[in-house]
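The file protein05.json contains JSON, C-alpha atoms:
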```
[["chain", "number", "residue", "atom", "x", "y", "z"],
["A", 1126, "MET", "CA", -14.97, 6.45, -4.24],
["A", 1127, "LYS", "CA", -15.64, 10.01, -3.24],
["A", 1128, "ASN", "CA", -14.96, 13.21, -5.06],
["A", 1129, "PRO", "CA", -14.12, 16.04, -2.64],
["A", 1130, "GLU", "CA", -15.84, 18.43, -5.02],
["A", 1131, "SER", "CA", -18.73, 16.40, -6.39],
["A", 1132, "THR", "CA", -21.47, 13.98, -5.44],
["A", 1133, "SER", "CA", -21.25, 11.26, -2.82],
["A", 1134, "HIS", "CA", -20.07, 7.66, -3.13],
["A", 1135, "ILE", "CA", -22.73, 5.02, -3.59],
["A", 1136, "PRO", "CA", -25.59, 5.60, -4.28],
["A", 1137, "PRO", "CA", -25.01, 9.38, -4.57],
["A", 1138, "ALA", "CA", -26.46, 11.85, -2.11],
["A", 1139, "GLU", "CA", -27.25, 15.10, -3.91],
["A", 1140, "ASN", "CA", -28.35, 17.04, -0.84],
["A", 1141, "HIS", "CA", -24.97, 17.76, 0.72],
["A", 1142, "SER", "CA", -24.52, 21.39, 1.65],
["A", 1143, "ARG", "CA", -21.93, 23.63, 0.02],
["A", 1144, "SER", "CA", -20.09, 23.87, 3.35],
["A", 1145, "ARG", "CA", -19.72, 20.09, 3.35],
["A", 1146, "ARG", "CA", -18.18, 20.19, -0.13],
["A", 1147, "VAL", "CA", -15.76, 22.92, 0.85],
["A", 1148, "ARG", "CA", -14.69, 21.01, 3.95],
["A", 1149, "LYS", "CA", -14.14, 17.89, 1.86],
["A", 1150, "ALA", "CA", -11.90, 19.76, -0.53],
["A", 1151, "VAL", "CA", -9.83, 21.27, 2.27],
["A", 1152, "ALA", "CA", -9.41, 17.93, 3.99],
["A", 1153, "ALA", "CA", -8.39, 16.17, 0.79],
["A", 1154, "THR", "CA", -5.42, 18.48, 0.22],
["A", 1155, "VAL", "CA", -3.89, 17.34, 3.50],
["A", 1156, "LEU", "CA", -4.61, 13.63, 3.28],
["A", 1157, "THR", "CA", -1.49, 12.66, 1.38],
["A", 1158, "VAL", "CA", 0.66, 14.30, 4.05],
["A", 1159, "CYS", "CA", -0.84, 12.08, 6.73],
["A", 1160, "ALA", "CA", -0.80, 8.94, 4.60],
["A", 1161, "ALA", "CA", 2.94, 8.35, 4.89],
["A", 1162, "GLY", "CA", 2.94, 8.39, 8.68],
["A", 1163, "ALA", "CA", -0.11, 6.14, 8.95],
["A", 1164, "ILE", "CA", 1.35, 3.67, 6.46],
["A", 1165, "ALA", "CA", 4.72, 3.54, 8.23],
["A", 1166, "ALA", "CA", 3.09, 2.83, 11.57],
["A", 1167, "VAL", "CA", 1.06, -0.08, 10.25],
["A", 1168, "LEU", "CA", 3.84, -1.53, 8.13],
["A", 1169, "ALA", "CA", 6.10, -1.65, 11.14],
["A", 1170, "SER", "CA", 3.82, -4.31, 12.60],
["A", 1171, "ALA", "CA", 3.21, -6.00, 9.24],
["A", 1172, "SER", "CA", 6.77, -6.91, 8.39],
["A", 1173, "ALA", "CA", 6.29, -10.32, 9.95],
["A", 1174, "ALA", "CA", 3.11, -11.07, 7.98],
["A", 1175, "PRO", "CA", 3.18, -14.58, 6.48],
["A", 1176, "LEU", "CA", 4.00, -14.67, 2.78],
["A", 1177, "SER", "CA", 2.79, -17.20, 0.25],
["A", 1178, "THR", "CA", 3.86, -17.96, -3.28],
["A", 1179, "PRO", "CA", 1.09, -17.25, -5.77],
["A", 1180, "ARG", "CA", 0.11, -20.12, -8.03],
["A", 1181, "GLY", "CA", -1.04, -20.29, -11.64],
["A", 1182, "ALA", "CA", -2.48, -17.45, -13.66],
["A", 1183, "GLN", "CA", -5.96, -17.32, -15.12],
["A", 1184, "THR", "CA", -7.12, -19.73, -17.77],
["A", 1185, "PRO", "CA", -10.42, -19.64, -19.67],
["A", 1186, "GLY", "CA", -13.10, -21.00, -17.36],
["A", 1187, "SER", "CA", -11.24, -20.31, -14.12],
["A", 1188, "ARG", "CA", -12.86, -18.15, -11.46],
["A", 1189, "TYR", "CA", -12.39, -14.51, -10.51],
["A", 1190, "LEU", "CA", -13.59, -13.15, -7.15],
["A", 1191, "ALA", "CA", -14.04, -9.36, -7.05],
["A", 1192, "LEU", "CA", -14.30, -7.54, -3.71],
["A", 1193, "GLY", "CA", -15.04, -3.88, -3.12],
["A", 1194, "ASP", "CA", -17.51, -1.02, -3.00],
["A", 1195, "SER", "CA", -19.73, 0.76, -5.52],
["A", 1196, "VAL", "CA", -17.02, 1.15, -8.16],
["A", 1197, "THR", "CA", -16.46, -2.60, -8.26],
["A", 1198, "PHE", "CA", -20.22, -3.19, -8.13],
["A", 1199, "GLY", "CA", -20.73, -0.99, -11.19],
["A", 1200, "THR", "CA", -23.19, 1.44, -9.60],
["A", 1201, "GLU", "CA", -24.82, 4.21, -11.58],
["A", 1202, "GLU", "CA", -26.52, 7.24, -10.05],
["A", 1203, "PRO", "CA", -30.34, 7.60, -10.25],
["A", 1204, "GLN", "CA", -29.97, 10.56, -12.64],
["A", 1205, "VAL", "CA", -28.28, 8.47, -15.35],
["A", 1206, "VAL", "CA", -30.34, 8.17, -18.54],
["A", 1207, "PRO", "CA", -31.89, 5.67, -18.96],
["A", 1208, "ALA", "CA", -32.53, 5.31, -15.24],
["A", 1209, "PRO", "CA", -30.73, 2.33, -13.67],
["A", 1210, "ASN", "CA", -32.75, -0.61, -12.37],
["A", 1211, "TYR", "CA", -31.51, -1.21, -8.85],
["A", 1212, "ASN", "CA", -33.75, -4.26, -8.55],
["A", 1213, "ASP", "CA", -31.69, -6.03, -11.24],
["A", 1214, "ALA", "CA", -28.06, -6.32, -10.18],
["A", 1215, "SER", "CA", -27.13, -7.90, -13.50],
["A", 1216, "SER", "CA", -27.84, -4.57, -15.22],
["A", 1217, "PHE", "CA", -24.75, -3.07, -13.55],
["A", 1218, "LEU", "CA", -21.54, -3.98, -15.35],
["A", 1219, "GLY", "CA", -18.32, -2.98, -13.63],
["A", 1220, "TYR", "CA", -14.71, -3.72, -14.46],
["A", 1221, "PRO", "CA", -14.94, -7.29, -13.06],
["A", 1222, "GLU", "CA", -17.59, -8.23, -15.60],
["A", 1223, "GLN", "CA", -15.67, -6.54, -18.42],
["A", 1224, "LEU", "CA", -12.43, -8.30, -17.49],
["A", 1225, "GLY", "CA", -14.26, -11.58, -17.07],
["A", 1226, "ALA", "CA", -15.73, -11.31, -20.56],
["A", 1227, "GLU", "CA", -12.32, -10.47, -22.02],
["A", 1228, "LEU", "CA", -10.49, -13.36, -20.35],
["A", 1229, "HIS", "CA", -13.42, -15.81, -20.29],
["A", 1230, "LEU", "CA", -13.49, -16.03, -16.49],
["A", 1231, "LYS", "CA", -16.36, -17.00, -14.21],
["A", 1232, "VAL", "CA", -16.93, -13.84, -12.16],
["A", 1233, "ALA", "CA", -18.26, -13.66, -8.61],
["A", 1234, "ASN", "CA", -18.66, -9.94, -7.87],
["A", 1235, "ALA", "CA", -19.28, -9.67, -4.12],
["A", 1236, "ALA", "CA", -18.99, -5.86, -3.96],
["A", 1237, "CYS", "CA", -21.48, -3.82, -1.95],
["A", 1238, "PRO", "CA", -22.19, -0.13, -2.70],
["A", 1239, "GLY", "CA", -20.99, 2.00, 0.21],
["A", 1240, "GLU", "CA", -18.77, -0.72, 1.69],
["A", 1241, "THR", "CA", -15.83, 0.27, 3.87],
["A", 1242, "ALA", "CA", -12.84, -1.84, 4.81],
["A", 1243, "ALA", "CA", -14.32, -2.00, 8.32],
["A", 1244, "SER", "CA", -17.79, -3.13, 7.19],
["A", 1245, "MET", "CA", -16.23, -5.62, 4.77],
["A", 1246, "ILE", "CA", -14.94, -7.42, 7.86],
["A", 1247, "ASN", "CA", -17.93, -6.78, 10.15],
["A", 1248, "PRO", "CA", -21.26, -5.83, 8.54],
["A", 1249, "SER", "CA", -22.36, -4.02, 11.68],
["A", 1250, "ALA", "CA", -19.37, -1.68, 11.42],
["A", 1251, "GLN", "CA", -19.95, 1.76, 9.92],
["A", 1252, "SER", "CA", -20.40, 1.87, 6.16],
["A", 1253, "LEU", "CA", -21.49, 4.63, 3.82],
["A", 1254, "GLY", "CA", -24.54, 2.97, 2.37],
["A", 1255, "CYS", "CA", -23.91, -0.78, 2.33],
["A", 1256, "GLU", "CA", -25.63, -2.15, 5.46],
["A", 1257, "ASN", "CA", -25.93, 1.24, 7.16],
["A", 1258, "THR", "CA", -25.00, 4.87, 6.60],
["A", 1259, "VAL", "CA", -24.25, 8.19, 8.29],
["A", 1260, "SER", "CA", -26.05, 11.52, 8.36],
["A", 1261, "GLY", "CA", -25.58, 13.21, 5.00],
["A", 1262, "GLY", "CA", -24.67, 9.94, 3.30],
["A", 1263, "PRO", "CA", -26.66, 7.77, 0.88],
["A", 1264, "PRO", "CA", -29.30, 5.33, 2.17],
["A", 1265, "ALA", "CA", -28.31, 1.75, 2.93],
["A", 1266, "TYR", "CA", -28.25, -0.27, -0.28],
["A", 1267, "ARG", "CA", -28.09, -3.91, 0.75],
["A", 1268, "PRO", "CA", -31.32, -3.94, 2.84],
["A", 1269, "GLN", "CA", -33.24, -2.66, -0.19],
["A", 1270, "TYR", "CA", -31.60, -4.02, -3.34],
["A", 1271, "PRO", "CA", -29.87, -7.22, -4.48],
["A", 1272, "LEU", "CA", -26.12, -7.55, -4.90],
["A", 1273, "HIS", "CA", -24.50, -9.48, -7.73],
["A", 1274, "VAL", "CA", -24.19, -12.50, -5.43],
["A", 1275, "HIS", "CA", -26.30, -13.37, -2.40],
["A", 1276, "TYR", "CA", -24.76, -13.90, 1.01],
["A", 1277, "GLN", "CA", -25.45, -13.44, 4.68],
["A", 1278, "GLY", "CA", -22.96, -11.70, 6.94],
["A", 1279, "SER", "CA", -19.85, -9.91, 5.78],
["A", 1280, "GLN", "CA", -18.33, -9.61, 2.33],
["A", 1281, "LEU", "CA", -15.09, -11.04, 3.73],
["A", 1282, "GLY", "CA", -17.01, -13.98, 5.18],
["A", 1283, "TYR", "CA", -18.46, -14.68, 1.75],
["A", 1284, "ALA", "CA", -15.02, -14.40, 0.18],
["A", 1285, "LEU", "CA", -13.49, -16.92, 2.57],
["A", 1286, "GLU", "CA", -16.34, -19.39, 2.05],
["A", 1287, "TYR", "CA", -16.13, -18.94, -1.72],
["A", 1288, "LEU", "CA", -12.40, -19.61, -1.72],
["A", 1289, "HIS", "CA", -12.84, -22.68, 0.48],
["A", 1290, "THR", "CA", -15.45, -24.16, -1.86],
["A", 1291, "HIS", "CA", -13.98, -23.19, -5.24],
["A", 1292, "SER", "CA", -10.49, -24.49, -5.84],
["A", 1293, "ASP", "CA", -10.35, -23.02, -9.34],
["A", 1294, "VAL", "CA", -10.21, -19.35, -8.28],
["A", 1295, "ARG", "CA", -7.18, -17.85, -9.98],
["A", 1296, "LEU", "CA", -7.77, -14.13, -9.36],
["A", 1297, "VAL", "CA", -9.02, -12.08, -6.41],
["A", 1298, "SER", "CA", -9.20, -8.30, -6.63],
["A", 1299, "LEU", "CA", -9.81, -5.72, -3.89],
["A", 1300, "MET", "CA", -10.81, -2.08, -4.30],
["A", 1301, "ILE", "CA", -11.70, -0.48, -0.97],
["A", 1302, "GLY", "CA", -11.00, 2.51, 1.25],
["A", 1303, "ALA", "CA", -12.54, 5.67, -0.19],
["A", 1304, "ASN", "CA", -15.67, 5.39, 1.93],
["A", 1305, "ASP", "CA", -13.64, 4.86, 5.12],
["A", 1306, "VAL", "CA", -12.05, 8.27, 4.66],
["A", 1307, "TYR", "CA", -15.21, 10.00, 3.53],
["A", 1308, "ILE", "CA", -17.07, 8.91, 6.67],
["A", 1309, "CYS", "CA", -14.48, 10.90, 8.62],
["A", 1310, "VAL", "CA", -15.26, 13.91, 6.43],
["A", 1311, "LEU", "CA", -19.00, 13.60, 7.08],
["A", 1312, "THR", "CA", -18.90, 12.81, 10.79],
["A", 1313, "THR", "CA", -16.29, 15.23, 12.18],
["A", 1314, "ARG", "CA", -17.04, 18.86, 12.90],
["A", 1315, "ASP", "CA", -14.07, 20.09, 10.88],
["A", 1316, "GLY", "CA", -14.60, 17.77, 7.91],
["A", 1317, "CYS", "CA", -11.65, 15.52, 8.87],
["A", 1318, "ASN", "CA", -9.31, 18.47, 8.45],
["A", 1319, "ARG", "CA", -7.01, 17.75, 11.40],
["A", 1320, "ASN", "CA", -3.84, 15.73, 10.91],
["A", 1321, "ALA", "CA", -4.69, 13.53, 13.88],
["A", 1322, "GLU", "CA", -8.08, 12.59, 12.40],
["A", 1323, "GLN", "CA", -6.60, 11.80, 9.02],
["A", 1324, "HIS", "CA", -3.72, 9.81, 10.49],
["A", 1325, "ALA", "CA", -6.19, 7.79, 12.55],
["A", 1326, "VAL", "CA", -8.55, 6.95, 9.69],
["A", 1327, "LEU", "CA", -5.73, 6.05, 7.27],
["A", 1328, "GLY", "CA", -4.01, 3.97, 9.93],
["A", 1329, "GLN", "CA", -7.24, 2.07, 10.62],
["A", 1330, "LEU", "CA", -7.80, 1.60, 6.89],
["A", 1331, "ALA", "CA", -4.32, 0.08, 6.52],
["A", 1332, "HIS", "CA", -4.94, -2.21, 9.51],
["A", 1333, "ASN", "CA", -8.27, -3.42, 8.09],
["A", 1334, "VAL", "CA", -6.83, -4.02, 4.62],
["A", 1335, "GLN", "CA", -4.12, -6.17, 6.17],
["A", 1336, "GLN", "CA", -6.74, -8.11, 8.13],
["A", 1337, "ILE", "CA", -8.72, -8.74, 4.94],
["A", 1338, "LEU", "CA", -5.70, -9.87, 2.94],
["A", 1339, "SER", "CA", -4.30, -11.95, 5.78],
["A", 1340, "ALA", "CA", -7.61, -13.82, 5.99],
["A", 1341, "ILE", "CA", -7.59, -14.45, 2.23],
["A", 1342, "ARG", "CA", -4.02, -15.71, 2.23],
["A", 1343, "ASN", "CA", -3.86, -17.51, 5.58],
["A", 1344, "GLU", "CA", -7.42, -18.54, 6.50],
["A", 1345, "ALA", "CA", -8.67, -19.40, 3.02],
["A", 1346, "HIS", "CA", -5.15, -20.57, 2.03],
["A", 1347, "TYR", "CA", -5.52, -18.80, -1.28],
["A", 1348, "ASN", "CA", -2.21, -18.49, -3.14],
["A", 1349, "GLY", "CA", -3.43, -17.39, -6.54],
["A", 1350, "GLN", "CA", -3.11, -13.90, -8.00],
["A", 1351, "LEU", "CA", -4.25, -11.14, -5.67],
["A", 1352, "ALA", "CA", -4.72, -7.64, -7.07],
["A", 1353, "ILE", "CA", -5.32, -4.22, -5.56],
["A", 1354, "VAL", "CA", -7.26, -1.89, -7.87],
["A", 1355, "ASN", "CA", -6.40, 1.79, -7.32],
["A", 1356, "TYR", "CA", -9.02, 4.53, -7.38],
["A", 1357, "TYR", "CA", -9.11, 7.07, -10.18],
["A", 1358, "SER", "CA", -9.49, 10.80, -9.59],
["A", 1359, "PRO", "CA", -12.94, 12.20, -10.48],
["A", 1360, "ASN", "CA", -11.15, 15.36, -11.64],
["A", 1361, "TYR", "CA", -7.44, 15.29, -12.40],
["A", 1362, "ALA", "CA", -7.45, 19.07, -12.80],
["A", 1363, "SER", "CA", -8.18, 19.43, -9.06],
["A", 1364, "ALA", "CA", -5.26, 19.03, -6.65],
["A", 1365, "SER", "CA", -7.62, 18.43, -3.73],
["A", 1366, "THR", "CA", -9.52, 15.68, -5.53],
["A", 1367, "ASN", "CA", -6.25, 14.05, -6.57],
["A", 1368, "GLY", "CA", -4.97, 14.25, -3.00],
["A", 1369, "PHE", "CA", -7.96, 12.31, -1.73],
["A", 1370, "SER", "CA", -7.53, 9.50, -4.26],
["A", 1371, "LEU", "CA", -3.75, 9.30, -3.84],
["A", 1372, "ALA", "CA", -3.93, 9.14, -0.05],
["A", 1373, "VAL", "CA", -6.29, 6.17, -0.18],
["A", 1374, "ASN", "CA", -4.30, 4.44, -2.92],
["A", 1375, "GLN", "CA", -0.96, 4.88, -1.18],
["A", 1376, "THR", "CA", -2.33, 3.63, 2.12],
["A", 1377, "VAL", "CA", -3.93, 0.52, 0.66],
["A", 1378, "ASP", "CA", -1.01, -0.32, -1.65],
["A", 1379, "ALA", "CA", 1.54, -0.14, 1.17],
["A", 1380, "ALA", "CA", -0.62, -2.14, 3.57],
["A", 1381, "ALA", "CA", -1.12, -4.84, 0.91],
["A", 1382, "LYS", "CA", 2.52, -5.15, -0.08],
["A", 1383, "PRO", "CA", 3.44, -8.01, 2.32],
["A", 1384, "PHE", "CA", 0.77, -10.24, 0.78],
["A", 1385, "HIS", "CA", 2.24, -10.73, -2.70],
["A", 1386, "VAL", "CA", -0.18, -8.46, -4.55],
["A", 1387, "VAL", "CA", -0.09, -6.76, -7.91],
["A", 1388, "VAL", "CA", -1.41, -3.22, -8.21],
["A", 1389, "ALA", "CA", -3.75, -2.16, -11.00],
["A", 1390, "ASP", "CA", -3.06, 1.50, -11.71],
["A", 1391, "GLY", "CA", -6.61, 2.72, -12.18],
["A", 1392, "TYR", "CA", -5.46, 6.21, -11.24],
["A", 1393, "GLY", "CA", -2.87, 6.36, -14.00],
["A", 1394, "GLU", "CA", -5.04, 4.65, -16.61],
["A", 1395, "LEU", "CA", -7.87, 7.18, -16.36],
["A", 1396, "LYS", "CA", -5.42, 10.07, -15.97],
["A", 1397, "ALA", "CA", -3.87, 9.27, -19.34],
["A", 1398, "ALA", "CA", -7.32, 9.08, -20.93],
["A", 1399, "ALA", "CA", -8.33, 12.47, -19.48],
["A", 1400, "LEU", "CA", -5.17, 14.22, -20.66],
["A", 1401, "HIS", "CA", -6.65, 15.61, -23.87],
["A", 1402, "SER", "CA", -9.78, 16.79, -22.06],
["A", 1403, "GLY", "CA", -7.95, 19.22, -19.82],
["A", 1404, "ASP", "CA", -7.45, 16.50, -17.19],
["A", 1405, "ASN", "CA", -11.21, 16.61, -16.62],
["A", 1406, "THR", "CA", -12.49, 13.07, -16.05],
["A", 1407, "CYS", "CA", -16.07, 14.14, -16.74],
["A", 1408, "LYS", "CA", -15.33, 15.85, -20.07],
["A", 1409, "ALA", "CA", -13.35, 12.79, -21.14],
["A", 1410, "GLY", "CA", -16.53, 10.71, -20.82],
["A", 1411, "LEU", "CA", -15.10, 8.50, -18.09],
["A", 1412, "LEU", "CA", -17.77, 9.23, -15.48],
["A", 1413, "THR", "CA", -21.49, 8.55, -15.49],
["A", 1414, "GLN", "CA", -23.49, 11.19, -17.38],
["A", 1415, "LEU", "CA", -26.32, 12.70, -15.35],
["A", 1416, "GLY", "CA", -28.79, 13.71, -18.02],
["A", 1417, "ARG", "CA", -27.36, 16.98, -19.29],
["A", 1418, "PRO", "CA", -24.04, 17.93, -20.91],
["A", 1419, "GLY", "CA", -21.19, 18.54, -18.49],
["A", 1420, "LYS", "CA", -22.99, 17.04, -15.50],
["A", 1421, "CYS", "CA", -21.33, 13.87, -14.23],
["A", 1422, "GLY", "CA", -21.63, 11.53, -11.31],
["A", 1423, "ILE", "CA", -18.83, 10.11, -9.23],
["A", 1424, "HIS", "CA", -18.87, 6.58, -10.67],
["A", 1425, "PRO", "CA", -17.12, 5.36, -13.81],
["A", 1426, "SER", "CA", -19.02, 5.25, -17.06],
["A", 1427, "TYR", "CA", -18.79, 2.11, -19.18],
["A", 1428, "ALA", "CA", -15.66, 3.62, -20.74],
["A", 1429, "GLY", "CA", -14.20, 4.38, -17.32],
["A", 1430, "GLN", "CA", -14.91, 0.85, -16.15],
["A", 1431, "ALA", "CA", -13.24, -0.47, -19.30],
["A", 1432, "LEU", "CA", -10.08, 1.43, -18.38],
["A", 1433, "LEU", "CA", -10.14, -0.04, -14.85],
["A", 1434, "ALA", "CA", -10.48, -3.49, -16.43],
["A", 1435, "GLN", "CA", -7.55, -2.63, -18.71],
["A", 1436, "ALA", "CA", -5.44, -1.55, -15.73],
["A", 1437, "LEU", "CA", -6.22, -4.82, -13.97],
["A", 1438, "ALA", "CA", -5.47, -6.86, -17.09],
["A", 1439, "LYS", "CA", -2.07, -5.19, -17.40],
["A", 1440, "ALA", "CA", -1.28, -5.85, -13.72],
["A", 1441, "ILE", "CA", -2.11, -9.55, -13.73],
["A", 1442, "ARG", "CA", -0.18, -10.14, -16.96],
["A", 1443, "LEU", "CA", 3.09, -8.72, -15.60]]
```

In structure tokens, what does this structure look like?
Amino acid sequence: MKNPESTSHIPPAENHSRSRRVRKAVAATVLTVCAAGAIAAVLASASAAPLSTPRGAQTPGSRYLALGDSVTFGTEEPQVVPAPNYNDASSFLGYPEQLGAELHLKVANAACPGETAASMINPSAQSLGCENTVSGGPPAYRPQYPLHVHYQGSQLGYALEYLHTHSDVRLVSLMIGANDVYICVLTTRDGCNRNAEQHAVLGQLAHNVQQILSAIRNEAHYNGQLAIVNYYSPNYASASTNGFSLAVNQTVDAAAKPFHVVVADGYGELKAAALHSGDNTCKAGLLTQLGRPGKCGIHPSYAGQALLAQALAKAIRL
């Protein structure tokens, strides 16, 4: 997830110029305006999407498949103290591992730092640091470091194979989309500030999310609980930062609606926790701490991840 006024998604790139940050902030304020039109266009073609009836809820010992990007992976920036060990994926504990421990589930966390909805489907598609990256973005993670689970090809391909071979999966979660939009910010001359650019990237995000969920429901024939996890805002006191997160959340939630999903309100959960810290997610201790007071990364701290796990637990128990 990207903060229009802070460091990059996963792993973080600290060398972005000030002009880049300003352009990100400007673009984010307009994103929610374009989201509605992009969502409507995609949903018009999604109304005929096949629906399935979800089966049983989780029981101790059942399996949970988590899909997503760096937030789901549990990434920490290099400046975190003590320094993270990227060569040991098990040292990164995200909300899937926390939820799994709480509910006694067997967790398969297939997330890749920097993943986009496009690269989740096709690993040669543009990502922001999973298999490949863009100028100004973080280096590619997967060619250098291990993921929580090993697989060849795409994350979606792994998910389908996992669902085919494990009949006891009772929960699948998806958190994706922030990197798709941020690539537009980094690769367009105006920082993705034009309505047409934003409409295009949000429309493509919605299309890809529907392709992912359709494959899970209709190719893997999975009819267990399927959850969308919404992004938090890295700074609830910033309208532009909020606009970025809300645009992605609204796009993904609407695109996922035909597939019998529940939505974990990660945005609202962290917002409530930041309320008494001036709506500042960093001051509330919900983001990674980068070695000195008041300096935070973009990724959730252990406490922030716990709130995402709490949001997901609430959603699946409805």

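Residues near the point (-15.6, -3.7, 3.7), at a distance of 9 Å or less over all atoms listed in the file, make up Leu1192, Gly1193, Asp1194, Ala1236, Cys1237, Gly1239, Glu1240, Thr1241, Ala1242, Ala1243, Ser1244, Met1245, Ile1246, Asn1247, Pro1248, Ala1250, Ser1252, Cys1255, Ser1279, Gln1280, Leu1281, Ile1301, Gly1302, Asp1305, Asn1333, Val1334 and Ile1337 of chain A.
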
*asked:* Just the number, please: distance in Å from CA of Phe1384 (chain A) to CA of Arg1188 (chain A), one decimal.
replied: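 CA of Phe1384 (chain A) sits 20.0 Å away from CA of Arg1188 (chain A).
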
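In this model, the gap between CA of Val1259 (chain A) and CA of Pro1238 (chain A) comes to 13.9 Å.
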
*Have a look at CA of Thr1197 (chain A) and CA of Gly1219 (chain A) and let me know their distance in Å, one decimal.*
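Spanning CA of Thr1197 (chain A) to CA of Gly1219 (chain A) is a straight-line distance of 5.7 Å.
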
_Residue nearest Leu1253 (chain A) - candidates A:Ala1226, A:Leu1311, A:Tyr1270, A:Leu1190, atoms counted: all atoms listed in the file_ =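 Using all atoms listed in the file, the shortest distance to Leu1253 (chain A) belongs to A:Leu1311.
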
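With all atoms listed in the file as the atoms that count, the minimum distance from Ala1399 (chain A) to the choices A:Tyr1266, A:Tyr1361, A:Phe1217, A:Tyr1347 is reached by A:Tyr1361.
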
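Nearest to Gln1430 (chain A) of all the residues A:Ala1284, A:Ala1372, A:Leu1395, A:Val1294 is A:Leu1395, counting all atoms listed in the file.
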
_Among listed residues A:Gly1186, A:Gly1316, A:Pro1425, A:Gly1368, nearest Glu1227 (chain A) (using only C-alpha atoms)_ =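 The answer is A:Gly1186, which sits nearest to Glu1227 (chain A).
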
*Nearby residues (only C-alpha atoms) at most 9 Å from His1275 (chain A), same-chain spacing under 4 positions excluded, as a ChimeraX atom specification*: /A:1235,1271,1283

*Using all atoms listed in the file, which residues sit within 7 Å of region 1386-1392 of chain A once same-chain residues fewer than 4 positions away are excluded, as a list in words?*
Leu1351, Ala1352, Ile1353, Val1354, Asn1355, Tyr1356, Tyr1357, Ser1358, Ala1381, Lys1382, Lys1396, Leu1433, Ala1436, Leu1437, Ala1440 and Ile1441 of chain A

*Would you please work out which residue, of A:Ser1249, A:Ala1364, A:Ser1370, A:Thr1376, is nearest to Gln1329 (chain A) when using all atoms listed in the file?*
A:Thr1376

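Considering the residues A:Thr1258, A:Ser1298, A:Thr1312, A:Asn1374 and counting only C-alpha atoms, Leu1338 (chain A) has its shortest atom-to-atom contact with A:Ser1298.
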